[in-house]
Amino acid sequence: MRHRPEAGYTIQLNAPATLAELTGIDVVADFRSRDIAAGGQGAPLLPAFHAGLFTTHTPRVVVNIGGVANVSGLPAAGSVEPVIGFDCGPGNVLIDAWAEEHLAEPFDRDGDWAAGGHSNATLLSALLDEPYFSLPPPKSTGRELFNREWLTHKLAQRKLAPRDVQASLTRLTAASIGQAIAQHFAPAGDVLVCGGGAFNATLMRMLGEECAPRPVASTAQFGVAPDHVEALAFAWLAREHLQRRPASLPAVTGARGARILGALYPVG
């Protein structure tokens with residue numbers, strides 16, 4: 001609902017005490033606050049899990065495209081280099097908002113609407129002229145920045161067909177991810193994509209163009225459904241909490257050190 005690590009807080013929509021009461025199951029929740037209290041961004045939290053699941057003999061990148069897109073840079077197995085990661089910009093948030101406004105649909109299924117449009121170079125340049133993209137990591141973002149008001153400002157007086165705006169927004173997500181990889185994960189040999197964005201065929205095509213010559217593939221090709229990765233990651237974070245093991249990566253979030261994340265709401 002609100003993510004302001006620079007102000008020392010984050011607010012998530014959850015009711016863990018109610019969930020524990022209704023299900024009769026212990027609930028672990030609120031994973032970000034402890035990292036923020038330690039001076040970190042509280043996000044992204046998936047890179048440690050990505051490293052455990054997808055590390056291979058060559059460096060690679062895992063991209064999680066939810067509302068916001070975040071990248072995890074995984075060094076080759078056995079490397080002394082740290083895992084790094086950050087929120088690189090909008091994922092589906094603007095694409096979905098524009099589709100809902102103009103199609104009365106919650107998202108652009110398969111990217112079909114964007115596929116029939118043309119990305120506008122002038123608009124894309126204006127969209128990419130956002131200071132957040134050039135900030136060095138660690139960094140995180142959300143709807144506080146990338147929202148309908150932000151888009152209205154960027155559109156200014158441009159008279160573009162809605163479908164061309166959709167194509168431009170889809171290209172923005174792909175281009176900002178591609179730039180982040182080129183700037184911070186250049187040795188990566190391939191790119192794995194998870195999250196809802198992996199189901200957008202047009203976005204995946206554009207991402208392949210922006211990340212070339214690195215191959216881009218859904219995590220499904222590696223045995224994990226793209227819409228399961230984040231759920232698996234938070235289940236893993238809950239297990240680490242119950243085992244009293246730190247699960248955060250200070251190199252990713254900028255916290256003063258690794259911390260045990262989450263809070264336990266036990267049954268009874």
# chains A, B, ... in the order shown; residues from 1 in each chain; ligands from 1
$ residues_around --residues "Met206 in chain A" --least-positions-apart "2" --cutoff "9 Å" --atoms "only C-alpha atoms" --output "VMD selection string"
chain A and resid 170 to 171 173 to 175 201 to 204 208 to 211
$ closest_atom_pairs --of "range 64-102 of chain A" --to "range 42-45 of chain A" --cutoff "9 Å" --atoms "only C-alpha atoms" --output "tab-separated table"
residue	atom	partner	partner_atom	distance
A:Asn70	CA	A:Pro44	CA	6.9
A:Val71	CA	A:Pro44	CA	8.4
A:Ser72	CA	A:Pro44	CA	8.7
A:Gly85	CA	A:Pro44	CA	7.0
A:Phe86	CA	A:Pro44	CA	5.9
A:Asp87	CA	A:Pro44	CA	6.6
$ write_last_selection --atoms "C-alpha atoms" --output "tab-separated table (two decimals), in the first residue's frame"
chain	number	residue	atom	x	y	z
A	70	ASN	CA	13.17	-6.41	-10.16
A	71	VAL	CA	16.35	-8.11	-11.23
A	72	SER	CA	18.62	-10.58	-9.45
A	85	GLY	CA	19.54	-7.11	-7.15
A	86	PHE	CA	17.18	-4.14	-7.15
A	87	ASP	CA	13.88	-2.82	-8.43
$ closest_residue --among "A:Val62, A:Ala69, A:Val193, A:Cys88" --to "Pro136 in chain A" --atoms "only C-alpha atoms"
A:Cys88
$ select_by_dssp --residues "range 53-123 of chain A" --states "alpha helix (DSSP H)" --output "PyMOL selection string"
chain A and resi 53-54+93-103+112-115+121-123
$ atom_distance --atom1 "CA of Pro106 in chain A" --atom2 "CA of Gly66 in chain A"
13.7 Å
$ residues_around --residues "Gln41 in chain A" --least-positions-apart "4" --cutoff "12 Å" --atoms "only C-alpha atoms" --output "VMD selection string"
chain A and resid 3 to 10 31 to 37 45 85 to 87 137 to 142 248 to 256
$ write_last_selection --atoms "N, CA, C and O atoms" --output "short mmCIF file (atom, residue, chain, number, x, y, z; two decimals), in the first residue's frame"
data_model
loop_
_atom_site.label_atom_id
_atom_site.label_comp_id
_atom_site.auth_asym_id
_atom_site.auth_seq_id
_atom_site.Cartn_x
_atom_site.Cartn_y
_atom_site.Cartn_z
N HIS A 3 5.23 2.20 0.29
CA HIS A 3 6.60 1.72 0.49
C HIS A 3 7.52 2.94 0.53
O HIS A 3 7.79 3.55 -0.51
N ARG A 4 7.98 3.32 1.73
CA ARG A 4 8.81 4.50 1.90
C ARG A 4 10.03 4.16 2.77
O ARG A 4 10.13 4.58 3.92
N PRO A 5 10.95 3.37 2.23
CA PRO A 5 12.11 2.98 3.04
C PRO A 5 12.95 4.18 3.48
O PRO A 5 13.55 4.15 4.56
N GLU A 6 12.98 5.23 2.65
CA GLU A 6 13.76 6.41 3.03
C GLU A 6 13.17 7.10 4.25
O GLU A 6 13.86 7.82 4.97
N ALA A 7 11.87 6.86 4.50
CA ALA A 7 11.21 7.41 5.69
C ALA A 7 11.13 6.37 6.81
O ALA A 7 10.59 6.66 7.88
N GLY A 8 11.64 5.17 6.55
CA GLY A 8 11.72 4.16 7.59
C GLY A 8 10.50 3.29 7.76
O GLY A 8 10.33 2.68 8.83
N TYR A 9 9.64 3.21 6.75
CA TYR A 9 8.47 2.35 6.92
C TYR A 9 7.98 1.79 5.60
O TYR A 9 8.30 2.29 4.52
N THR A 10 7.21 0.71 5.70
CA THR A 10 6.51 0.12 4.56
C THR A 10 5.19 -0.44 5.08
O THR A 10 5.12 -0.93 6.21
N PHE A 31 7.66 -9.29 6.08
CA PHE A 31 9.08 -9.60 5.91
C PHE A 31 9.95 -8.38 5.67
O PHE A 31 11.16 -8.44 5.87
N ARG A 32 9.38 -7.28 5.23
CA ARG A 32 10.20 -6.15 4.81
C ARG A 32 10.63 -5.23 5.95
O ARG A 32 11.68 -4.60 5.90
N SER A 33 9.80 -5.15 6.99
CA SER A 33 10.02 -4.13 8.02
C SER A 33 11.36 -4.27 8.74
O SER A 33 12.01 -3.28 9.06
N ARG A 34 11.77 -5.50 9.01
CA ARG A 34 13.02 -5.71 9.76
C ARG A 34 14.22 -5.20 8.98
O ARG A 34 15.14 -4.61 9.54
N ASP A 35 14.21 -5.44 7.67
CA ASP A 35 15.31 -4.96 6.84
C ASP A 35 15.32 -3.44 6.80
O ASP A 35 16.39 -2.81 6.87
N ILE A 36 14.15 -2.82 6.69
CA ILE A 36 14.07 -1.36 6.68
C ILE A 36 14.56 -0.79 8.00
O ILE A 36 15.27 0.23 8.04
N ALA A 37 14.21 -1.44 9.11
CA ALA A 37 14.67 -0.99 10.42
C ALA A 37 16.19 -1.02 10.52
O ALA A 37 16.81 -0.24 11.25
N LEU A 45 13.30 -8.89 -2.02
CA LEU A 45 13.63 -9.98 -1.09
C LEU A 45 13.84 -11.31 -1.79
O LEU A 45 14.21 -12.29 -1.15
N GLY A 85 20.88 -7.25 -6.59
CA GLY A 85 19.54 -7.11 -7.15
C GLY A 85 18.92 -5.80 -6.73
O GLY A 85 19.34 -5.18 -5.74
N PHE A 86 17.89 -5.38 -7.46
CA PHE A 86 17.18 -4.14 -7.15
C PHE A 86 15.93 -4.04 -8.00
O PHE A 86 15.77 -4.77 -9.00
N ASP A 87 15.04 -3.16 -7.61
CA ASP A 87 13.88 -2.82 -8.43
C ASP A 87 14.36 -1.93 -9.56
O ASP A 87 14.94 -0.87 -9.31
N PRO A 137 21.98 1.25 -7.38
CA PRO A 137 21.44 0.39 -6.33
C PRO A 137 22.30 0.49 -5.07
O PRO A 137 23.47 0.89 -5.18
N PRO A 138 21.74 0.15 -3.91
CA PRO A 138 20.42 -0.45 -3.69
C PRO A 138 19.30 0.57 -3.85
O PRO A 138 19.43 1.74 -3.46
N LYS A 139 18.20 0.12 -4.44
CA LYS A 139 17.04 0.99 -4.61
C LYS A 139 15.79 0.12 -4.79
O LYS A 139 15.86 -1.03 -5.22
N SER A 140 14.66 0.69 -4.43
CA SER A 140 13.38 0.02 -4.60
C SER A 140 12.34 1.07 -4.91
O SER A 140 12.51 2.26 -4.60
N THR A 141 11.27 0.65 -5.56
CA THR A 141 10.24 1.60 -5.97
C THR A 141 8.88 0.91 -5.97
O THR A 141 8.77 -0.27 -5.65
N GLY A 142 7.86 1.66 -6.35
CA GLY A 142 6.51 1.10 -6.38
C GLY A 142 5.53 2.09 -6.98
O GLY A 142 5.91 3.00 -7.74
N SER A 248 18.01 -12.13 4.61
CA SER A 248 18.18 -10.93 3.80
C SER A 248 19.61 -10.87 3.26
O SER A 248 20.53 -11.51 3.80
N LEU A 249 19.79 -10.11 2.19
CA LEU A 249 21.11 -9.91 1.58
C LEU A 249 21.46 -8.42 1.67
O LEU A 249 20.93 -7.62 0.89
N PRO A 250 22.34 -8.04 2.58
CA PRO A 250 22.69 -6.62 2.71
C PRO A 250 23.23 -6.01 1.42
O PRO A 250 23.03 -4.83 1.15
N ALA A 251 23.90 -6.83 0.59
CA ALA A 251 24.42 -6.32 -0.68
C ALA A 251 23.30 -5.92 -1.62
O ALA A 251 23.49 -5.09 -2.52
N VAL A 252 22.11 -6.48 -1.42
CA VAL A 252 20.95 -6.16 -2.25
C VAL A 252 20.18 -4.99 -1.69
O VAL A 252 19.87 -4.03 -2.39
N THR A 253 19.86 -5.04 -0.39
CA THR A 253 18.97 -4.03 0.19
C THR A 253 19.69 -2.83 0.78
O THR A 253 19.07 -1.79 1.00
N GLY A 254 20.99 -2.98 1.06
CA GLY A 254 21.73 -1.87 1.67
C GLY A 254 21.61 -1.81 3.17
O GLY A 254 22.03 -0.83 3.79
N ALA A 255 21.05 -2.85 3.81
CA ALA A 255 20.92 -2.88 5.26
C ALA A 255 22.29 -3.03 5.92
O ALA A 255 23.27 -3.41 5.29
N ARG A 256 22.33 -2.75 7.22
CA ARG A 256 23.59 -2.82 7.95
C ARG A 256 24.10 -4.25 8.12
O ARG A 256 25.27 -4.47 8.42
#
$ residues_around --residues "Gln243 in chain A" --least-positions-apart "3" --cutoff "12 Å" --atoms "only C-alpha atoms" --output "list in words"
Val28, Trp236, Leu237, Ala238, Arg239, Glu240, Pro246, Ala247, Ile260, Leu261, Gly262 and Leu264 of chain A
$ write_last_selection --atoms "N, CA, C and O atoms" --output "PDB file, in the first residue's frame"
ATOM      1  N   VAL A  28       3.559 -16.495   9.175  1.00  0.00           N
ATOM      2  CA  VAL A  28       4.712 -15.598   9.211  1.00  0.00           C
ATOM      3  C   VAL A  28       4.467 -14.507   8.172  1.00  0.00           C
ATOM      4  O   VAL A  28       4.138 -14.801   7.023  1.00  0.00           O
ATOM      5  N   TRP A 236       9.713 -19.943   1.507  1.00  0.00           N
ATOM      6  CA  TRP A 236      11.096 -20.153   1.946  1.00  0.00           C
ATOM      7  C   TRP A 236      11.494 -19.137   3.016  1.00  0.00           C
ATOM      8  O   TRP A 236      12.116 -19.486   4.030  1.00  0.00           O
ATOM      9  N   LEU A 237      11.107 -17.873   2.816  1.00  0.00           N
ATOM     10  CA  LEU A 237      11.401 -16.846   3.815  1.00  0.00           C
ATOM     11  C   LEU A 237      10.746 -17.189   5.157  1.00  0.00           C
ATOM     12  O   LEU A 237      11.338 -16.982   6.224  1.00  0.00           O
ATOM     13  N   ALA A 238       9.509 -17.705   5.097  1.00  0.00           N
ATOM     14  CA  ALA A 238       8.829 -18.103   6.331  1.00  0.00           C
ATOM     15  C   ALA A 238       9.582 -19.235   7.028  1.00  0.00           C
ATOM     16  O   ALA A 238       9.743 -19.236   8.257  1.00  0.00           O
ATOM     17  N   ARG A 239      10.059 -20.203   6.241  1.00  0.00           N
ATOM     18  CA  ARG A 239      10.820 -21.309   6.832  1.00  0.00           C
ATOM     19  C   ARG A 239      12.099 -20.801   7.485  1.00  0.00           C
ATOM     20  O   ARG A 239      12.469 -21.222   8.598  1.00  0.00           O
ATOM     21  N   GLU A 240      12.780 -19.885   6.807  1.00  0.00           N
ATOM     22  CA  GLU A 240      14.010 -19.334   7.378  1.00  0.00           C
ATOM     23  C   GLU A 240      13.724 -18.609   8.691  1.00  0.00           C
ATOM     24  O   GLU A 240      14.520 -18.676   9.640  1.00  0.00           O
ATOM     25  N   PRO A 246      18.954 -15.793   9.279  1.00  0.00           N
ATOM     26  CA  PRO A 246      18.847 -14.564   8.484  1.00  0.00           C
ATOM     27  C   PRO A 246      18.634 -14.912   7.016  1.00  0.00           C
ATOM     28  O   PRO A 246      19.253 -15.844   6.492  1.00  0.00           O
ATOM     29  N   ALA A 247      17.743 -14.173   6.356  1.00  0.00           N
ATOM     30  CA  ALA A 247      17.434 -14.464   4.955  1.00  0.00           C
ATOM     31  C   ALA A 247      17.599 -13.253   4.054  1.00  0.00           C
ATOM     32  O   ALA A 247      17.351 -13.346   2.855  1.00  0.00           O
ATOM     33  N   ILE A 260      17.001 -11.719  10.443  1.00  0.00           N
ATOM     34  CA  ILE A 260      15.894 -12.672  10.391  1.00  0.00           C
ATOM     35  C   ILE A 260      14.650 -11.867  10.045  1.00  0.00           C
ATOM     36  O   ILE A 260      14.295 -10.906  10.740  1.00  0.00           O
ATOM     37  N   LEU A 261      13.991 -12.226   8.968  1.00  0.00           N
ATOM     38  CA  LEU A 261      12.876 -11.425   8.447  1.00  0.00           C
ATOM     39  C   LEU A 261      11.535 -11.991   8.901  1.00  0.00           C
ATOM     40  O   LEU A 261      11.373 -13.198   9.062  1.00  0.00           O
ATOM     41  N   GLY A 262      10.566 -11.112   9.038  1.00  0.00           N
ATOM     42  CA  GLY A 262       9.194 -11.535   9.301  1.00  0.00           C
ATOM     43  C   GLY A 262       8.826 -11.532  10.775  1.00  0.00           C
ATOM     44  O   GLY A 262       9.669 -11.338  11.659  1.00  0.00           O
ATOM     45  N   LEU A 264       6.103 -13.754  13.503  1.00  0.00           N
ATOM     46  CA  LEU A 264       5.309 -14.965  13.656  1.00  0.00           C
ATOM     47  C   LEU A 264       4.009 -14.686  14.399  1.00  0.00           C
ATOM     48  O   LEU A 264       4.027 -14.062  15.462  1.00  0.00           O
TER      49      LEU A 264
END
$ residues_around --residues "Val165 in chain A" --least-positions-apart "6" --cutoff "8 Å" --atoms "only C-alpha atoms" --output "ChimeraX atom specification"
/A:117-120
$ closest_residue --among "A:Asn14, A:Leu160, A:Pro215, A:Glu230" --to "Ala188 in chain A" --atoms "only C-alpha atoms"
A:Pro215
$ select_by_dssp --residues "range 9-170 of chain A" --states "strand (DSSP E)" --output "ChimeraX atom specification"
/A:9-11,27-29,60-65,68-74,84-90
$ closest_residue --among "A:Leu22, A:Val191, A:Phe146, A:Gly39" --to "Ala258 in chain A" --atoms "only C-alpha atoms"
A:Gly39
